[in-house]
Amino acid sequence: MSHSDGNTDWGRIIRDMIARSTDSAPTEPGVYRMPCGNCYVDFFLASDGTERWLVPGDERSYTRDTVAIARHGEHPWERMYTLGHAAAEIRRRATADGTPVLVLIDELAAVAATEDAAEDEEIARIARERPADSAEVARSDLARKFGIDLDEL
């Protein structure tokens, strides 16, 4: 069919594309690398039984259909580590090292806190380097959005 064909049922074509993309989306909750190969999504079931699809850095909750059509690409969906995998790895490390689990968790939390602090510093650096006359969000508003006090840095 050509684009000039007035008989083309674009609604049906789009519905078919959504159905194909939705059919290939994961059905088991977990964290996945999306088909674009760059983005991640956390798929879980809420307490009311509805599906939630959260994309890091995005405040919205997506549906299966919107994730399937908005996050396209050639790569297959790739399941990342689950909390069960993380718990098993913590247990394995604690056993192998003879370290109490709580000590290992404290060590991992310290590493995470260090990484969070480095990320906060990077965000603050970017905010400070933006031109003061920028038409975008004010530097102080941007820092406040990320919970950073520029005076402390």
# chains A, B, ... in the order shown; residues from 1 in each chain; ligands from 1
$ select_by_dssp --residues "chain A" --states "strand (DSSP E or B)" --output "list in words"
Gly30, Val31, Tyr32, Arg33, Tyr40, Val41, Asp42, Phe43, Phe44, Leu45, Glu51, Arg52, Trp53, Leu54, Ser61, Tyr62, Glu78 and Arg79 of chain A
$ atom_distance --atom1 "CA of Thr82 (chain A)" --atom2 "CA of Ala68 (chain A)"
20.8 Å
$ closest_residue --among "A:Val41, A:Leu102, A:Ala112, A:Val31" --to "Gly84 (chain A)" --atoms "only C-alpha atoms"
A:Val31
$ select_by_dssp --residues "region 12-82 of chain A" --states "alpha helix (DSSP H)" --output "number ranges by chain"
A: 12-23, 64-70
$ write_last_selection --atoms "C-alpha atoms" --output "CSV table (one decimal), in the first residue's frame"
chain,number,residue,atom,x,y,z
A,12,ARG,CA,-5.4,-1.1,12.5
A,13,ILE,CA,-1.8,-0.9,11.5
A,14,ILE,CA,-0.9,1.0,14.7
A,15,ARG,CA,-2.9,-1.4,16.8
A,16,ASP,CA,-1.1,-4.4,15.2
A,17,MET,CA,2.3,-2.8,16.0
A,18,ILE,CA,1.3,-2.2,19.6
A,19,ALA,CA,0.0,-5.8,19.9
A,20,ARG,CA,3.3,-7.2,18.5
A,21,SER,CA,5.4,-5.0,20.8
A,22,THR,CA,3.2,-5.8,23.8
A,23,ASP,CA,3.4,-9.6,23.2
A,64,ARG,CA,2.6,-2.5,29.4
A,65,ASP,CA,1.3,-0.9,26.1
A,66,THR,CA,3.0,2.5,26.6
A,67,VAL,CA,6.3,0.9,27.5
A,68,ALA,CA,6.1,-1.5,24.6
A,69,ILE,CA,5.5,1.2,22.0
A,70,ALA,CA,7.5,4.1,23.5
$ decode --residues "region 40-72 of chain A" --atoms "N, CA and C atoms" --output "CSV table (one decimal), in the first residue's frame"
chain,number,residue,atom,x,y,z
A,40,TYR,N,16.3,1.2,31.1
A,40,TYR,CA,15.9,0.2,32.0
A,40,TYR,C,14.5,0.4,32.5
A,41,VAL,N,13.8,-0.6,32.9
A,41,VAL,CA,12.4,-0.5,33.4
A,41,VAL,C,12.3,-1.5,34.6
A,42,ASP,N,11.6,-1.0,35.6
A,42,ASP,CA,11.3,-1.9,36.7
A,42,ASP,C,9.8,-2.2,36.6
A,43,PHE,N,9.6,-3.5,36.4
A,43,PHE,CA,8.2,-4.0,36.2
A,43,PHE,C,7.8,-4.7,37.5
A,44,PHE,N,6.7,-4.3,38.1
A,44,PHE,CA,6.2,-5.0,39.3
A,44,PHE,C,4.7,-4.9,39.3
A,45,LEU,N,4.2,-5.8,40.2
A,45,LEU,CA,2.7,-5.7,40.4
A,45,LEU,C,2.4,-5.0,41.7
A,46,ALA,N,1.6,-4.0,41.6
A,46,ALA,CA,1.2,-3.2,42.8
A,46,ALA,C,0.3,-4.0,43.7
A,47,SER,N,0.1,-3.5,44.9
A,47,SER,CA,-0.8,-4.2,45.9
A,47,SER,C,-2.2,-4.5,45.4
A,48,ASP,N,-2.7,-3.6,44.5
A,48,ASP,CA,-4.0,-3.8,43.9
A,48,ASP,C,-4.0,-4.7,42.7
A,49,GLY,N,-2.8,-5.3,42.4
A,49,GLY,CA,-2.8,-6.3,41.3
A,49,GLY,C,-2.5,-5.7,39.9
A,50,THR,N,-2.4,-4.3,39.8
A,50,THR,CA,-2.1,-3.7,38.5
A,50,THR,C,-0.6,-3.7,38.3
A,51,GLU,N,-0.3,-3.7,37.0
A,51,GLU,CA,1.1,-3.7,36.6
A,51,GLU,C,1.6,-2.3,36.7
A,52,ARG,N,2.8,-2.1,37.1
A,52,ARG,CA,3.5,-0.8,37.1
A,52,ARG,C,4.8,-1.0,36.4
A,53,TRP,N,5.1,0.0,35.6
A,53,TRP,CA,6.4,0.0,34.8
A,53,TRP,C,7.0,1.3,35.0
A,54,LEU,N,8.1,1.3,35.8
A,54,LEU,CA,8.8,2.5,36.1
A,54,LEU,C,10.1,2.6,35.4
A,55,VAL,N,10.4,3.8,34.8
A,55,VAL,CA,11.6,4.1,34.1
A,55,VAL,C,12.5,5.0,35.0
A,56,PRO,N,13.7,4.6,35.3
A,56,PRO,CA,14.5,5.5,36.2
A,56,PRO,C,14.6,6.9,35.6
A,57,GLY,N,14.5,7.9,36.5
A,57,GLY,CA,14.6,9.3,36.1
A,57,GLY,C,13.2,9.8,35.5
A,58,ASP,N,12.2,9.0,35.5
A,58,ASP,CA,10.9,9.4,35.0
A,58,ASP,C,9.9,9.2,36.1
A,59,GLU,N,9.2,10.3,36.5
A,59,GLU,CA,8.2,10.2,37.6
A,59,GLU,C,7.0,9.4,37.2
A,60,ARG,N,6.7,9.3,35.9
A,60,ARG,CA,5.4,8.6,35.5
A,60,ARG,C,5.5,7.1,35.7
A,61,SER,N,4.3,6.5,35.9
A,61,SER,CA,4.2,5.1,35.8
A,61,SER,C,3.6,4.7,34.5
A,62,TYR,N,4.2,3.8,33.8
A,62,TYR,CA,3.8,3.4,32.5
A,62,TYR,C,2.9,2.1,32.5
A,63,THR,N,2.2,1.9,31.4
A,63,THR,CA,1.5,0.6,31.3
A,63,THR,C,2.3,-0.3,30.3
A,64,ARG,N,1.9,-1.5,30.3
A,64,ARG,CA,2.6,-2.5,29.4
A,64,ARG,C,2.5,-1.9,27.9
A,65,ASP,N,1.4,-1.4,27.5
A,65,ASP,CA,1.3,-0.9,26.1
A,65,ASP,C,2.2,0.3,25.9
A,66,THR,N,2.2,1.3,26.8
A,66,THR,CA,3.0,2.5,26.6
A,66,THR,C,4.5,2.2,26.6
A,67,VAL,N,4.9,1.3,27.5
A,67,VAL,CA,6.3,0.9,27.5
A,67,VAL,C,6.7,0.2,26.2
A,68,ALA,N,5.8,-0.7,25.8
A,68,ALA,CA,6.1,-1.5,24.6
A,68,ALA,C,6.3,-0.7,23.4
A,69,ILE,N,5.4,0.4,23.2
A,69,ILE,CA,5.5,1.2,22.0
A,69,ILE,C,6.5,2.4,22.1
A,70,ALA,N,6.6,2.9,23.3
A,70,ALA,CA,7.5,4.1,23.5
A,70,ALA,C,8.9,3.7,23.6
A,71,ARG,N,9.3,2.5,24.0
A,71,ARG,CA,10.7,2.1,24.2
A,71,ARG,C,11.0,1.0,23.2
A,72,HIS,N,11.2,1.4,22.0
A,72,HIS,CA,11.4,0.5,20.9
A,72,HIS,C,12.9,0.2,20.7
